[in-house]
Amino acid sequence: MLTLTFLGVGSAFAKRNYQSNALIEAWRTSPDEQPEPDDTLLIDFGCTGPVALHALHQKPDFAYLGSGGVTNYAKIRRLFVTHQHADHIGGIEELAFNNTFVHPDSDRPFKPQIISSINILINLWDTSLKGGMSPMPGKYALLQDYFFILALRPTGGGFESFNMLKRYEFEIFPTDHIQIERKYDWPSYGLTIRDTQTGESVFYSGDSRFDFDAYRERMTAARMCFHDVQFVDHESNVHATIGELRTMPDDIKKKTTLYHYPDDWDAPEHAFVSDEFAGFAAAQKRYVLFA
Ligand SMILES: [Zn+2]
Ligand SMILES: [Zn+2]
């Protein structure tokens, strides 16, 4: 079984539901039969990630993520980074420092795996993490001092994929999030997650402007879709607007859960979302992606 639990479902500026980061848990059986999954992966870990994870491990179903009242970061085996905005990477320093210097269940540091496209990983260290994480007592550290690095390289048609438990395949695709001069020139990725045993798949947009033409095939094939959303139509949008998402075919909308939403999501004018779409994503609730 593969499950997805949003640490949070809010936008970058949300104060009610934490930012949109997700925990993927891979189980050889199911949560009913084992208290703890066989593998864990975070999709992004932003500024509110540490507080959201602390709230999550207080819940009985996620107690394995805590130890003595604090988060046991070593339970997060892997981290995938979609792009460099702070609502997706702002918690990484805390995660890395805890694994290196504070480890409640072990006398040794823990090195999780960090996964992204090779261009994001280079930029992530050089332009985001290095300032705080390079200085260490007695030396200057590098990304590989904190993480085992899995850099996904471009292939002919896309990028290398990675997997969990050898069964669940994660394929990344570029998203149209911020255009500096042209589409895809600032790296940002979404995910298609596939159960190689059944052929079923799930679509996860990451942060993306509306680009249904690019996603049509993936979203049509998927059994569930998760798409980011913004409510207000700006001159330079960086997410799909709710108006644009409403133009998708009904069968796609019915299986699409919206996340990365602002704090006024439950205002009466957004009531139509639960009828037209699979609804707004719920924070800290396990979604079964593949049984
Ligand atoms: Zn974001
Ligand atoms: Zn973003």
# chains A, B, ... in the order shown; residues from 1 in each chain; ligands from 1
>>> residues_near_ligand(ligand="ligand 1", cutoff="12 Å", atoms="only C-alpha atoms and all ligand atoms", output="MDAnalysis selection string")
chainID A and resid 8:14 18:22 43:48 81:90 177:178 188:190 205:209 227:230 238:240 259:262
>>> write_last_selection(atoms="N, CA and C atoms", output="CSV table (one decimal), in the first residue's frame")
chain,number,residue,atom,x,y,z
A,8,GLY,N,0.6,19.8,5.4
A,8,GLY,CA,-0.3,20.9,5.3
A,8,GLY,C,-0.8,21.0,3.9
A,9,VAL,N,-1.8,21.9,3.7
A,9,VAL,CA,-2.5,22.0,2.4
A,9,VAL,C,-2.6,23.5,2.0
A,10,GLY,N,-2.0,24.4,2.7
A,10,GLY,CA,-2.2,25.8,2.5
A,10,GLY,C,-1.2,26.3,1.4
A,11,SER,N,-1.4,27.6,1.0
A,11,SER,CA,-0.6,28.3,0.1
A,11,SER,C,0.7,28.7,0.9
A,12,ALA,N,1.6,29.3,0.1
A,12,ALA,CA,2.9,29.8,0.7
A,12,ALA,C,2.6,30.7,1.9
A,13,PHE,N,1.5,31.5,1.9
A,13,PHE,CA,1.2,32.5,2.9
A,13,PHE,C,0.2,32.1,3.9
A,14,ALA,N,-0.3,30.8,3.8
A,14,ALA,CA,-1.4,30.3,4.6
A,14,ALA,C,-1.0,30.3,6.1
A,18,TYR,N,-1.0,25.1,7.4
A,18,TYR,CA,0.4,24.8,7.1
A,18,TYR,C,0.5,24.8,5.6
A,19,GLN,N,1.8,24.9,5.1
A,19,GLN,CA,2.1,24.9,3.7
A,19,GLN,C,2.0,23.5,3.1
A,20,SER,N,1.9,23.4,1.8
A,20,SER,CA,1.6,22.2,1.1
A,20,SER,C,2.9,21.3,0.9
A,21,ASN,N,3.1,20.5,1.9
A,21,ASN,CA,4.1,19.5,1.9
A,21,ASN,C,3.4,18.2,2.2
A,22,ALA,N,4.0,17.0,1.7
A,22,ALA,CA,3.3,15.8,1.9
A,22,ALA,C,4.2,14.6,2.3
A,43,ILE,N,7.5,14.9,0.3
A,43,ILE,CA,7.5,15.7,-0.9
A,43,ILE,C,7.5,17.1,-0.4
A,44,ASP,N,8.7,17.7,-0.4
A,44,ASP,CA,8.9,19.1,0.1
A,44,ASP,C,8.8,19.2,1.6
A,45,PHE,N,9.5,20.2,2.1
A,45,PHE,CA,9.5,20.4,3.6
A,45,PHE,C,9.8,21.9,3.8
A,46,GLY,N,8.7,22.7,3.8
A,46,GLY,CA,8.8,24.2,3.8
A,46,GLY,C,9.0,24.8,5.2
A,47,CYS,N,8.8,26.1,5.3
A,47,CYS,CA,9.0,26.8,6.6
A,47,CYS,C,8.1,26.3,7.7
A,48,THR,N,6.8,25.9,7.3
A,48,THR,CA,5.9,25.4,8.4
A,48,THR,C,6.0,23.9,8.6
A,81,VAL,N,12.4,17.2,-3.5
A,81,VAL,CA,12.2,18.6,-3.6
A,81,VAL,C,11.6,19.0,-4.9
A,82,THR,N,10.4,19.6,-5.0
A,82,THR,CA,9.8,20.0,-6.2
A,82,THR,C,10.4,21.2,-6.8
A,83,HIS,N,10.8,22.2,-6.0
A,83,HIS,CA,11.4,23.5,-6.4
A,83,HIS,C,11.8,24.2,-5.2
A,84,GLN,N,12.4,25.4,-5.4
A,84,GLN,CA,13.2,26.1,-4.4
A,84,GLN,C,12.4,27.1,-3.5
A,85,HIS,N,11.1,27.3,-3.7
A,85,HIS,CA,10.4,28.3,-2.9
A,85,HIS,C,10.4,27.9,-1.5
A,86,ALA,N,10.5,28.9,-0.6
A,86,ALA,CA,10.6,28.6,0.9
A,86,ALA,C,9.5,27.7,1.5
A,87,ASP,N,8.3,27.8,0.9
A,87,ASP,CA,7.2,27.0,1.4
A,87,ASP,C,7.4,25.5,1.0
A,88,HIS,N,8.5,25.2,0.3
A,88,HIS,CA,8.8,23.8,-0.1
A,88,HIS,C,10.2,23.4,0.4
A,89,ILE,N,11.0,24.3,0.8
A,89,ILE,CA,12.4,23.9,1.3
A,89,ILE,C,12.8,24.5,2.7
A,90,GLY,N,11.9,25.4,3.2
A,90,GLY,CA,12.3,26.2,4.4
A,90,GLY,C,12.6,25.4,5.6
A,177,HIS,N,5.7,26.9,-13.6
A,177,HIS,CA,5.4,27.6,-12.3
A,177,HIS,C,5.8,29.1,-12.5
A,178,ILE,N,7.1,29.3,-12.7
A,178,ILE,CA,7.6,30.7,-12.9
A,178,ILE,C,8.3,30.8,-14.2
A,188,SER,N,11.2,23.4,-11.8
A,188,SER,CA,10.1,23.1,-10.9
A,188,SER,C,9.4,21.8,-11.5
A,189,TYR,N,9.1,20.9,-10.6
A,189,TYR,CA,8.6,19.6,-11.0
A,189,TYR,C,7.3,19.1,-10.3
A,190,GLY,N,6.6,18.3,-11.0
A,190,GLY,CA,5.5,17.6,-10.5
A,190,GLY,C,5.8,16.1,-10.5
A,205,SER,N,0.6,17.7,-8.9
A,205,SER,CA,1.1,18.8,-9.8
A,205,SER,C,2.3,19.6,-9.3
A,206,GLY,N,2.7,19.5,-8.0
A,206,GLY,CA,3.7,20.4,-7.5
A,206,GLY,C,3.1,21.8,-7.6
A,207,ASP,N,3.9,22.8,-7.8
A,207,ASP,CA,3.4,24.2,-8.0
A,207,ASP,C,3.4,24.4,-9.5
A,208,SER,N,2.3,24.8,-10.1
A,208,SER,CA,2.2,24.9,-11.5
A,208,SER,C,1.1,25.9,-11.9
A,209,ARG,N,1.4,26.6,-13.0
A,209,ARG,CA,0.3,27.4,-13.6
A,209,ARG,C,-0.6,26.4,-14.3
A,227,HIS,N,-4.0,18.8,-7.4
A,227,HIS,CA,-3.6,20.0,-8.2
A,227,HIS,C,-3.5,21.2,-7.3
A,228,ASP,N,-2.5,22.1,-7.4
A,228,ASP,CA,-2.4,23.3,-6.6
A,228,ASP,C,-3.4,24.3,-7.2
A,229,VAL,N,-3.8,25.3,-6.4
A,229,VAL,CA,-4.9,26.2,-6.8
A,229,VAL,C,-4.6,27.6,-6.2
A,230,GLN,N,-4.9,28.6,-6.9
A,230,GLN,CA,-5.0,30.0,-6.3
A,230,GLN,C,-6.4,30.5,-6.6
A,238,VAL,N,1.1,32.4,-10.7
A,238,VAL,CA,2.1,31.3,-10.6
A,238,VAL,C,1.5,30.0,-10.3
A,239,HIS,N,0.2,30.0,-10.1
A,239,HIS,CA,-0.6,28.7,-9.8
A,239,HIS,C,-1.8,28.7,-10.8
A,240,ALA,N,-2.4,27.5,-10.9
A,240,ALA,CA,-3.6,27.4,-11.7
A,240,ALA,C,-4.7,28.2,-10.9
A,259,TYR,N,-5.2,21.5,-3.6
A,259,TYR,CA,-4.4,21.8,-2.4
A,259,TYR,C,-3.6,23.1,-2.7
A,260,HIS,N,-2.8,23.6,-1.7
A,260,HIS,CA,-2.0,24.8,-1.9
A,260,HIS,C,-3.0,26.0,-2.0
A,261,TYR,N,-4.0,26.0,-1.1
A,261,TYR,CA,-5.1,27.0,-1.2
A,261,TYR,C,-5.0,28.0,0.0
A,262,PRO,N,-5.5,29.2,-0.3
A,262,PRO,CA,-5.5,30.3,0.7
A,262,PRO,C,-6.4,30.0,1.9
>>> residues_around(residues="A:Met133", least_positions_apart="3", cutoff="8 Å", atoms="only C-alpha atoms", output="PyMOL selection string")
chain A and resi 93+129-130+136+141-142
>>> write_last_selection(atoms="N, CA and C atoms", output="PDB file, in the first residue's frame")
ATOM      1  N   GLU A  93      16.781  22.867   6.688  1.00  0.00           N
ATOM      2  CA  GLU A  93      17.900  23.087   7.619  1.00  0.00           C
ATOM      3  C   GLU A  93      17.598  22.444   8.976  1.00  0.00           C
ATOM      4  N   LEU A 129      20.532  26.714   0.653  1.00  0.00           N
ATOM      5  CA  LEU A 129      20.870  26.074   1.929  1.00  0.00           C
ATOM      6  C   LEU A 129      22.265  26.421   2.452  1.00  0.00           C
ATOM      7  N   LYS A 130      23.181  26.717   1.568  1.00  0.00           N
ATOM      8  CA  LYS A 130      24.598  26.813   1.930  1.00  0.00           C
ATOM      9  C   LYS A 130      24.869  27.823   3.055  1.00  0.00           C
ATOM     10  N   MET A 136      30.098  24.438   9.954  1.00  0.00           N
ATOM     11  CA  MET A 136      29.962  23.389  10.975  1.00  0.00           C
ATOM     12  C   MET A 136      31.143  23.546  11.908  1.00  0.00           C
ATOM     13  N   ALA A 141      30.776  22.346   5.631  1.00  0.00           N
ATOM     14  CA  ALA A 141      30.095  21.131   5.175  1.00  0.00           C
ATOM     15  C   ALA A 141      29.537  21.315   3.772  1.00  0.00           C
ATOM     16  N   LEU A 142      29.217  20.184   3.157  1.00  0.00           N
ATOM     17  CA  LEU A 142      28.574  20.157   1.841  1.00  0.00           C
ATOM     18  C   LEU A 142      27.241  19.418   1.969  1.00  0.00           C
TER      19      LEU A 142
END
>>> select_by_dssp(residues="stretch 4-241 of chain A", states="alpha helix (DSSP H)", output="ChimeraX atom specification")
/A:49-56,86-89,92-101,118-123,130-133,143-146,212-221
>>> closest_residue(among="A:Asp264, A:Asp176, A:Glu171, A:Asp145", to="ligand 2", atoms="only C-alpha atoms and all ligand atoms")
A:Asp176
>>> closest_residue(among="A:Phe80, A:Tyr73, A:Phe290, A:Tyr204", to="A:Phe148", atoms="only C-alpha atoms")
A:Phe80
>>> atom_distance(atom1="atom CA of A:Leu95", atom2="atom CA of A:Ser161")
24.1 Å
>>> atom_distance(atom1="atom CA of A:Thr257", atom2="atom CA of A:Phe280")
5.6 Å
>>> select_by_dssp(residues="stretch 66-111 of chain A", states="strand (DSSP E or B)", output="list in words")
Gly66, Ser67, Val70, Thr71, Arg78, Leu79 and Phe80 of chain A
>>> residues_around(residues="A:Gln284", least_positions_apart="6", cutoff="7 Å", atoms="only C-alpha atoms", output="ChimeraX atom specification")
/A:5-8,56
>>> closest_residue(among="A:Lys139, A:Ile115, A:Phe147, A:Leu124", to="A:Glu160", atoms="only C-alpha atoms")
A:Ile115
>>> residues_around(residues="A:Ile24", least_positions_apart="4", cutoff="10 Å", atoms="only C-alpha atoms", output="list in words")
Leu2, Thr3, Leu4, Thr5, Phe6, Pro37, Asp39, Thr40, Leu41, Leu42, Ile43, Ile76, Arg78, Leu79, Met164, Arg286, Tyr287, Val288 and Leu289 of chain A
>>> atom_distance(atom1="atom CA of A:Thr196", atom2="atom CA of A:Arg216")
20.7 Å
>>> residues_around(residues="stretch 61-68 of chain A", least_positions_apart="5", cutoff="12 Å", atoms="only C-alpha atoms", output="ChimeraX atom specification")
/A:5,7,23,25,30-38,40,50,52-56,73-77,102-106,284-286
>>> residues_around(residues="A:Arg246", least_positions_apart="2", cutoff="12 Å", atoms="only C-alpha atoms", output="ChimeraX atom specification")
/A:210,212,227,229,231,240-244,248-254,256,258,270,272-273,275-277
>>> write_last_selection(atoms="C-alpha atoms", output="mmCIF file, in the first residue's frame")
data_model
loop_
_atom_site.group_PDB
_atom_site.id
_atom_site.type_symbol
_atom_site.label_atom_id
_atom_site.label_comp_id
_atom_site.auth_asym_id
_atom_site.auth_seq_id
_atom_site.Cartn_x
_atom_site.Cartn_y
_atom_site.Cartn_z
ATOM 1 C CA PHE A 210 -2.732 26.014 -15.388
ATOM 2 C CA PHE A 212 -4.010 21.151 -18.745
ATOM 3 C CA HIS A 227 -3.563 20.014 -8.176
ATOM 4 C CA VAL A 229 -4.869 26.210 -6.823
ATOM 5 C CA PHE A 231 -8.307 31.881 -5.978
ATOM 6 C CA ALA A 240 -3.608 27.425 -11.666
ATOM 7 C CA THR A 241 -6.551 29.670 -10.832
ATOM 8 C CA ILE A 242 -9.809 28.146 -9.674
ATOM 9 C CA GLY A 243 -11.487 29.601 -12.777
ATOM 10 C CA GLU A 244 -9.008 27.863 -15.079
ATOM 11 C CA MET A 248 -11.248 20.962 -17.214
ATOM 12 C CA PRO A 249 -13.583 18.115 -18.276
ATOM 13 C CA ASP A 250 -16.021 16.923 -15.586
ATOM 14 C CA ASP A 251 -14.490 13.453 -15.268
ATOM 15 C CA ILE A 252 -11.070 15.008 -14.567
ATOM 16 C CA LYS A 253 -12.495 17.492 -12.048
ATOM 17 C CA LYS A 254 -14.342 14.730 -10.189
ATOM 18 C CA THR A 256 -9.021 16.101 -8.693
ATOM 19 C CA LEU A 258 -7.234 20.834 -4.741
ATOM 20 C CA HIS A 270 -15.985 28.329 -2.719
ATOM 21 C CA PHE A 272 -18.983 24.654 -5.333
ATOM 22 C CA VAL A 273 -15.565 22.977 -5.048
ATOM 23 C CA ASP A 275 -19.537 19.383 -5.875
ATOM 24 C CA GLU A 276 -17.413 20.018 -8.942
ATOM 25 C CA PHE A 277 -14.089 18.573 -7.768
#
>>> decode(residues="stretch 188-220 of chain A", atoms="C-alpha atoms", output="tab-separated table (two decimals), in the first residue's frame")
chain	number	residue	atom	x	y	z
A	188	SER	CA	10.08	23.10	-10.93
A	189	TYR	CA	8.60	19.59	-11.03
A	190	GLY	CA	5.46	17.58	-10.47
A	191	LEU	CA	5.12	13.82	-10.00
A	192	THR	CA	3.33	10.92	-11.57
A	193	ILE	CA	3.34	8.07	-9.04
A	194	ARG	CA	2.71	4.62	-10.47
A	195	ASP	CA	1.94	1.21	-8.97
A	196	THR	CA	3.96	-0.99	-11.30
A	197	GLN	CA	2.01	-4.07	-10.19
A	198	THR	CA	-1.40	-2.76	-11.24
A	199	GLY	CA	-0.49	0.00	-13.70
A	200	GLU	CA	-2.56	2.54	-11.71
A	201	SER	CA	-1.19	6.05	-11.33
A	202	VAL	CA	-1.67	9.26	-9.33
A	203	PHE	CA	-0.97	12.82	-10.53
A	204	TYR	CA	0.63	15.42	-8.21
A	205	SER	CA	1.08	18.85	-9.78
A	206	GLY	CA	3.67	20.39	-7.48
A	207	ASP	CA	3.44	24.16	-8.04
A	208	SER	CA	2.19	24.89	-11.54
A	209	ARG	CA	0.28	27.40	-13.57
A	210	PHE	CA	-2.73	26.01	-15.39
A	211	ASP	CA	-1.37	23.80	-18.16
A	212	PHE	CA	-4.01	21.15	-18.74
A	213	ASP	CA	-2.87	20.60	-22.32
A	214	ALA	CA	0.51	19.45	-21.01
A	215	TYR	CA	-1.07	17.31	-18.24
A	216	ARG	CA	-4.12	15.94	-20.08
A	217	GLU	CA	-2.64	12.51	-20.76
A	218	ARG	CA	-1.26	12.08	-17.23
A	219	MET	CA	-4.44	13.33	-15.55
A	220	THR	CA	-6.70	11.23	-17.77
